[in-house]
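Q: I'm passing along entry-v1.csv; it holds CSV, C-alpha atoms and all ligand atoms.
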```csv
chain,number,residue,atom,x,y,z
F,1,MET,CA,11.0,-15.8,-4.3
F,2,LYS,CA,7.6,-14.4,-5.2
F,3,LYS,CA,4.7,-16.8,-4.4
F,4,ILE,CA,2.1,-17.4,-7.0
F,5,LEU,CA,-1.2,-19.3,-6.4
F,6,VAL,CA,-2.1,-21.8,-9.1
F,7,LEU,CA,-5.7,-22.8,-9.1
F,8,GLU,CA,-6.4,-25.4,-11.7
F,9,ASP,CA,-8.4,-28.7,-11.3
F,10,GLU,CA,-6.8,-30.5,-14.1
F,11,SER,CA,-3.6,-32.0,-12.7
F,12,ASN,CA,-1.7,-32.2,-16.0
F,13,ILE,CA,-2.3,-28.5,-16.7
F,14,ARG,CA,-1.5,-27.5,-13.1
F,15,SER,CA,1.8,-29.4,-13.2
F,16,PHE,CA,2.7,-27.8,-16.5
F,17,VAL,CA,2.0,-24.3,-15.1
F,18,VAL,CA,3.9,-25.1,-11.8
F,19,ILE,CA,7.0,-26.4,-13.6
F,20,ASN,CA,7.1,-23.3,-15.8
F,21,LEU,CA,6.6,-20.9,-13.0
F,22,ARG,CA,9.4,-22.6,-11.0
F,23,ARG,CA,11.7,-22.4,-14.0
F,24,SER,CA,11.0,-18.6,-14.2
F,25,GLY,CA,12.0,-18.2,-10.5
F,26,TYR,CA,8.6,-18.1,-8.9
F,27,GLU,CA,7.3,-20.2,-6.0
F,28,PRO,CA,4.0,-21.8,-7.0
F,29,ILE,CA,1.4,-22.7,-4.4
F,30,GLU,CA,-1.1,-25.2,-5.8
F,31,ALA,CA,-4.8,-25.5,-5.3
F,32,GLU,CA,-7.2,-27.9,-7.1
F,33,ASN,CA,-10.5,-26.2,-6.2
F,34,GLY,CA,-11.8,-22.8,-5.2
F,35,THR,CA,-12.2,-23.6,-1.5
F,36,GLU,CA,-8.6,-24.8,-1.3
F,37,ALA,CA,-7.4,-21.7,-3.2
F,38,LEU,CA,-9.0,-19.4,-0.7
F,39,ALA,CA,-7.5,-21.4,2.2
F,40,ARG,CA,-4.0,-21.3,0.6
F,41,LEU,CA,-4.4,-17.5,0.2
F,42,LYS,CA,-5.2,-17.1,3.9
F,43,GLU,CA,-2.2,-19.3,4.9
F,44,ASN,CA,0.1,-17.4,2.6
F,45,PRO,CA,-0.7,-13.6,2.8
F,46,ASP,CA,2.5,-13.0,0.9
F,47,ILE,CA,1.1,-14.5,-2.3
F,48,CYS,CA,1.5,-11.7,-4.9
F,49,LEU,CA,-0.4,-13.1,-7.8
F,50,ALA,CA,-3.0,-15.7,-8.5
F,51,LEU,CA,-3.7,-17.7,-11.6
F,52,LEU,CA,-7.3,-18.8,-11.5
F,53,ASP,CA,-8.9,-21.4,-13.8
F,54,VAL,CA,-12.5,-20.5,-14.6
F,55,MET,CA,-14.1,-24.0,-15.0
F,56,LEU,CA,-13.8,-25.8,-11.6
F,57,PRO,CA,-15.8,-28.5,-9.8
F,58,ASP,CA,-16.9,-26.3,-6.9
F,59,ILE,CA,-17.0,-22.5,-7.0
F,60,ASP,CA,-15.8,-21.2,-10.4
F,61,GLY,CA,-12.8,-19.0,-10.9
F,62,PHE,CA,-14.8,-15.8,-11.3
F,63,GLU,CA,-16.4,-16.4,-7.9
F,64,VAL,CA,-13.0,-17.1,-6.3
F,65,CYS,CA,-11.8,-13.8,-7.9
F,66,ARG,CA,-14.8,-11.9,-6.5
F,67,ARG,CA,-14.2,-13.4,-3.0
F,68,ILE,CA,-10.5,-12.4,-3.1
F,69,ARG,CA,-11.3,-8.9,-4.0
F,70,ALA,CA,-14.1,-8.8,-1.4
F,71,THR,CA,-11.4,-9.2,1.3
F,72,GLY,CA,-9.7,-6.0,0.0
F,73,SER,CA,-6.8,-7.9,-1.4
F,74,LYS,CA,-4.9,-6.1,-4.2
F,75,ILE,CA,-2.9,-9.2,-5.4
F,76,GLY,CA,-2.5,-9.6,-9.2
F,77,ILE,CA,-5.1,-11.9,-10.7
F,78,ILE,CA,-4.9,-13.6,-14.1
F,79,MET,CA,-7.8,-15.7,-15.3
F,80,LEU,CA,-7.1,-18.9,-17.2
F,81,THR,CA,-10.0,-19.0,-19.6
F,82,ALA,CA,-10.9,-22.1,-21.7
F,83,LYS,CA,-12.2,-20.2,-24.7
F,84,SER,CA,-11.5,-16.8,-26.1
F,85,GLN,CA,-15.2,-15.8,-25.8
F,86,GLU,CA,-15.7,-12.1,-25.2
F,87,ILE,CA,-18.1,-12.9,-22.3
F,88,ASP,CA,-15.4,-14.7,-20.3
F,89,LYS,CA,-13.0,-11.7,-20.6
F,90,VAL,CA,-15.7,-9.2,-19.6
F,91,THR,CA,-16.9,-11.2,-16.7
F,92,GLY,CA,-13.3,-11.8,-15.5
F,93,LEU,CA,-12.4,-8.1,-15.7
F,94,MET,CA,-15.7,-7.1,-14.0
F,95,THR,CA,-15.0,-9.4,-11.0
F,96,GLY,CA,-11.6,-7.7,-10.5
F,97,ALA,CA,-9.1,-9.8,-12.6
F,98,ASP,CA,-6.1,-7.9,-14.0
F,99,ASP,CA,-5.5,-10.1,-17.0
F,100,TYR,CA,-6.5,-13.3,-18.7
F,101,VAL,CA,-4.7,-16.0,-20.7
F,102,THR,CA,-6.6,-18.2,-23.1
F,103,LYS,CA,-6.1,-22.0,-23.1
F,104,PRO,CA,-4.2,-23.6,-24.6
F,105,PHE,CA,-1.2,-21.3,-23.8
F,106,SER,CA,2.5,-21.7,-24.3
F,107,PRO,CA,4.9,-21.5,-21.3
F,108,ALA,CA,6.4,-18.4,-22.9
F,109,GLU,CA,3.0,-16.7,-23.1
F,110,LEU,CA,2.1,-17.5,-19.5
F,111,THR,CA,5.4,-16.4,-18.0
F,112,ALA,CA,5.3,-13.2,-20.1
F,113,ARG,CA,1.9,-12.3,-18.7
F,114,VAL,CA,3.0,-13.2,-15.1
F,115,ASP,CA,6.2,-11.2,-15.4
F,116,ALA,CA,4.4,-8.2,-16.8
F,117,LEU,CA,1.8,-8.2,-14.0
F,118,VAL,CA,4.4,-8.7,-11.3
F,119,ARG,CA,6.4,-5.8,-12.7
F,120,ARG,CA,3.2,-3.6,-12.8
F,121,LEU,CA,2.4,-4.5,-9.2
F,122,GLY,CA,5.9,-3.6,-8.1
F,123,GLN,CA,5.7,-0.2,-9.8
F,124,GLY,CA,2.4,0.4,-8.2
F,125,GLU,CA,3.9,-0.2,-4.7
F,126,ASP,CA,6.8,2.2,-5.4
F,127,ASP,CA,4.5,4.9,-6.8
F,128,GLU,CA,2.3,4.7,-3.8
F,129,LYS,CA,5.2,5.0,-1.4
F,130,LYS,CA,6.6,7.9,-3.3
F,131,THR,CA,3.3,9.8,-3.2
F,132,TYR,CA,2.2,9.0,0.3
F,133,GLU,CA,5.4,8.8,2.3
F,134,ILE,CA,7.5,11.8,3.5
F,135,SER,CA,10.7,10.8,5.3
F,136,SER,CA,13.0,12.9,7.4
F,137,GLY,CA,15.7,11.5,9.6
F,138,PRO,CA,14.1,8.8,11.7
F,139,PHE,CA,10.6,9.9,10.8
F,140,VAL,CA,8.3,8.5,8.1
F,141,LEU,CA,4.9,10.2,7.7
F,142,ASN,CA,2.4,8.3,5.7
F,143,THR,CA,-0.2,10.8,4.4
F,144,ARG,CA,-2.6,8.2,3.2
F,145,ASN,CA,-2.8,6.2,6.4
F,146,ARG,CA,-2.2,9.5,8.4
F,147,THR,CA,0.4,7.7,10.5
F,148,LEU,CA,3.8,8.7,11.8
F,149,GLU,CA,6.7,6.4,12.6
F,150,LYS,CA,9.9,7.2,14.3
F,151,ASN,CA,12.6,4.5,13.8
F,152,GLY,CA,9.8,2.2,12.8
F,153,THR,CA,7.7,2.7,15.9
F,154,ARG,CA,4.3,4.2,15.5
F,155,ILE,CA,3.6,7.6,17.2
F,156,ARG,CA,-0.1,8.3,17.9
F,157,LEU,CA,-1.1,11.8,16.7
F,158,THR,CA,-4.3,13.8,16.9
F,159,GLN,CA,-5.6,15.1,13.5
F,160,ILE,CA,-4.2,18.6,14.3
F,161,GLU,CA,-0.8,17.2,15.2
F,162,PHE,CA,-0.8,15.2,12.0
F,163,GLN,CA,-1.5,18.4,10.0
F,164,LEU,CA,1.1,20.2,11.9
F,165,ILE,CA,3.9,17.7,11.3
F,166,LYS,CA,2.9,17.3,7.7
F,167,LEU,CA,3.3,21.0,7.2
F,168,PHE,CA,6.8,20.9,8.7
F,169,LEU,CA,7.9,17.8,6.8
F,170,GLU,CA,6.7,19.4,3.5
F,171,ASN,CA,8.8,22.5,4.3
F,172,PRO,CA,12.0,21.2,5.8
F,173,GLY,CA,14.5,23.8,6.9
F,174,LYS,CA,12.0,26.6,6.3
F,175,ALA,CA,11.3,29.1,9.1
F,176,MET,CA,7.6,29.4,9.3
F,177,SER,CA,5.8,32.2,11.2
F,178,ARG,CA,3.1,31.3,13.7
F,179,GLU,CA,0.7,33.1,11.4
F,180,ASP,CA,1.6,30.9,8.4
F,181,ILE,CA,1.3,27.8,10.6
F,182,LEU,CA,-2.1,29.0,11.9
F,183,LYS,CA,-3.4,29.6,8.4
F,184,ALA,CA,-2.2,26.4,7.0
F,185,VAL,CA,-3.4,24.1,9.8
F,186,TRP,CA,-6.4,25.8,11.4
F,187,GLY,CA,-7.5,28.2,8.7
F,188,GLN,CA,-8.0,31.9,8.3
F,189,GLN,CA,-10.7,32.3,11.0
F,190,PHE,CA,-8.3,31.6,13.8
F,191,ASN,CA,-6.1,34.6,12.9
F,192,GLY,CA,-4.1,35.9,15.9
F,193,GLU,CA,-4.5,32.8,18.2
F,194,TYR,CA,-0.8,32.1,18.2
F,195,LYS,CA,-1.1,30.3,21.6
F,196,THR,CA,-2.9,27.5,19.8
F,197,VAL,CA,0.2,27.0,17.7
F,198,ASP,CA,2.5,27.0,20.7
F,199,VAL,CA,0.4,24.5,22.6
F,200,ASN,CA,0.2,22.0,19.8
F,201,VAL,CA,3.9,22.4,19.0
F,202,ARG,CA,4.7,21.6,22.6
F,203,ARG,CA,2.4,18.6,22.5
F,204,LEU,CA,4.0,17.4,19.3
F,205,ARG,CA,7.5,17.8,20.7
F,206,ILE,CA,6.6,15.6,23.7
F,207,LYS,CA,5.7,12.9,21.2
F,208,ILE,CA,8.5,13.2,18.8
F,209,GLU,CA,11.5,14.6,20.6
F,210,GLU,CA,14.0,12.8,22.8
F,211,ASP,CA,14.0,15.8,25.1
F,212,PRO,CA,11.1,18.2,24.4
F,213,THR,CA,12.9,21.0,26.3
F,214,GLU,CA,15.9,20.7,23.9
F,215,PRO,CA,14.1,20.1,20.6
F,216,GLU,CA,16.2,18.6,17.9
F,217,TYR,CA,13.7,18.4,15.1
F,218,LEU,CA,10.9,20.9,15.7
F,219,THR,CA,13.0,23.9,16.6
F,220,THR,CA,12.1,27.4,17.6
F,221,VAL,CA,12.9,30.4,15.5
F,222,TRP,CA,12.9,33.1,18.2
F,223,GLY,CA,10.5,36.0,17.8
F,224,TYR,CA,9.1,34.4,14.6
F,225,GLY,CA,7.9,30.9,14.7
F,226,TYR,CA,9.1,27.3,14.2
F,227,LYS,CA,11.2,25.3,11.8
F,228,TRP,CA,11.8,21.7,11.0
F,229,GLY,CA,15.5,20.9,11.6
F,230,TYR,CA,18.3,23.3,12.5
O,1,CA,CA,-10.8,-26.6,-15.3
```
Can the structure in the file be given as structure tokens, please?
A:
Amino acid sequence: MKKILVLEDESNIRSFVVINLRRSGYEPIEAENGTEALARLKENPDICLALLDVMLPDIDGFEVCRRIRATGSKIGIIMLTAKSQEIDKVTGLMTGADDYVTKPFSPAELTARVDALVRRLGQGEDDEKKTYEISSGPFVLNTRNRTLEKNGTRIRLTQIEFQLIKLFLENPGKAMSREDILKAVWGQQFNGEYKTVDVNVRRLRIKIEEDPTEPEYLTTVWGYGYKWGY
């Protein structure tokens, strides 16, 4: 069940929101002031979305929003604004909110906004994974974090090794000459220094292969170069 933070100081409105979220299959986490909201978020890093009331007794909802974003958090944020004033909207969106709902709102309106944002966040995650992750057998290369995992275990790579494995994973099954590899990873000016390729392939094999002398993934194409896979 997806956790949703509900920051609202008026207990009757908070209960109304909580009941409706529960009915829609969410797990609401309640907070009645800004400080409490920030504490709940710290305790529940899996909260995916926050509903933030603007008018609060301590720090206001915009400030809570600003502080959430300041931690680098990308959770969904919907502001609950008391009036439909343009200034509230603008301030909310400037502080990093994704959407706003104007009070008074109906249960249907609230859950529609929440569902839509949850869906958008989910799509965002999938898109990021699609763009940034290259998988092959037990390996997952994340080109954004520049990390490699084998069966879920992180393998530490130098920047050159990262470029090298990225090149192979982007060209699975393709025999690549040492010249092509040099050009792609090191650039034109290293033309002819094939030993550099061999040395780095050997180092990479030690890190990724079960038995580097009998490579299973980064294989040799005799008299030519290397290939990812058989
Ligand atoms: Ca309030």
Q: Measuring atom to atom with all atoms listed in the file, identify which of F:Ala116, F:Val6, F:Met1, F:Ala31 is nearest to Asp46 (chain F).
A: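 Smallest distance to Asp46 (chain F) is found for F:Met1.
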Q: Could you produce a table of the residues of chain F lying within 7 Å of ligand CA 1 (chain O), with the nearest pair of atoms per residue and their separation in Å rounded to one decimal, using all atoms listed in the file, ordered by chain and increasing residue number, as CSV?
A:
```
residue,atom,partner,partner_atom,distance
F:Glu8,CA,O:CA1,CA,5.8
F:Asp9,CA,O:CA1,CA,5.1
F:Glu10,CA,O:CA1,CA,5.7
F:Asp53,CA,O:CA1,CA,5.7
F:Val54,CA,O:CA1,CA,6.4
F:Met55,CA,O:CA1,CA,4.2
F:Leu56,CA,O:CA1,CA,4.8
```
Q: Given all atoms listed in the file as the basis, pick out the residue of F:Ile160, F:Val114, F:Leu49, F:Arg205 nearest to Trp186 (chain F).
A: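 Going through F:Ile160, F:Val114, F:Leu49, F:Arg205 one by one, the smallest distance to Trp186 (chain F) is for F:Ile160.
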Q: Taking 6 positions as the minimum chain separation for residues in the same chain, which residues sit within 12 Å of Tyr217 (chain F) when counting all atoms listed in the file? Answer as a list of chain:residue names.
A: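 Answer for this query is F:Ser136, F:Gly137, F:Pro138, F:Phe139, F:Lys150, F:Ile165, F:Phe168, F:Leu169, F:Pro172, F:Gly173, F:Val201, F:Leu204, F:Arg205, F:Ile206, F:Lys207, F:Ile208, F:Glu209, F:Glu210, F:Asp211, F:Tyr226, F:Lys227, F:Trp228, F:Gly229, F:Tyr230.
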Q: From the options F:Ala97, F:Leu218, F:Ile134, F:Val197, which residue's atoms come nearest to Arg69 (chain F), counting all atoms listed in the file?
A: F:Ala97
Q: Within 12 Å of Ser177 (chain F), counting all atoms listed in the file, which residues qualify if same-chain residues fewer than 6 places away don't, as a PyMOL selection string?
A: chain F and resi 168+183-184+192+194+197-198+220-227
Q: I need the residue nearest Met176 (chain F) from this list: F:Thr219, F:Lys195, F:Asn142, F:Asn151. Use all atoms listed in the file for the distance.
A: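 That would be F:Thr219, the residue with the smallest distance to Met176 (chain F).
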Q: Between F:Tyr26, F:Tyr100, F:Phe62, F:Phe162, which is the closest to Ile4 (chain F) once you count only C-alpha atoms?
A: F:Tyr26
Q: Record the distance separating CA of Gly122 (chain F) and CA of Leu110 (chain F), expressed in Å with one decimal.
A: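 These atoms are spaced 18.4 Å apart.
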Q: Identify which of the residues F:Met79, F:Thr95, F:Pro104, F:Pro45 lies closest to Arg66 (chain F), counting all atoms listed in the file when measuring atom-to-atom distances.
A: F:Thr95
Q: What's the separation between CA of Lys3 (chain F) and CA of Thr147 (chain F), in Å to one decimal place?
A: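 Calculated distance between CA of Lys3 (chain F) and CA of Thr147 (chain F) is 29.0 Å.
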Q: Measure the distance from CA of Ala108 (chain F) to CA of Lys74 (chain F) in Å and round it to one decimal.
A: 25.1 Å
Q: Excluding Lys166 (chain F) and residues on its chain fewer than 4 positions from it, collect all residues at most 9 Å away from it, counting all atoms listed in the file, and give them as a list of chain:residue names.
A: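 Listing them by chain and then by number gives F:Ile134, F:Leu141, F:Thr143, F:Glu161, F:Phe162, F:Glu170, F:Asn171.
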Q: Taking (-14.0, -13.3, -11.1) in the coordinates of the supplied file, I want to know which residues reach to within 12 Å of it, counting only C-alpha atoms; could you give the answer as number ranges by chain?
A: F: 34, 50-55, 59-70, 77-81, 87-100
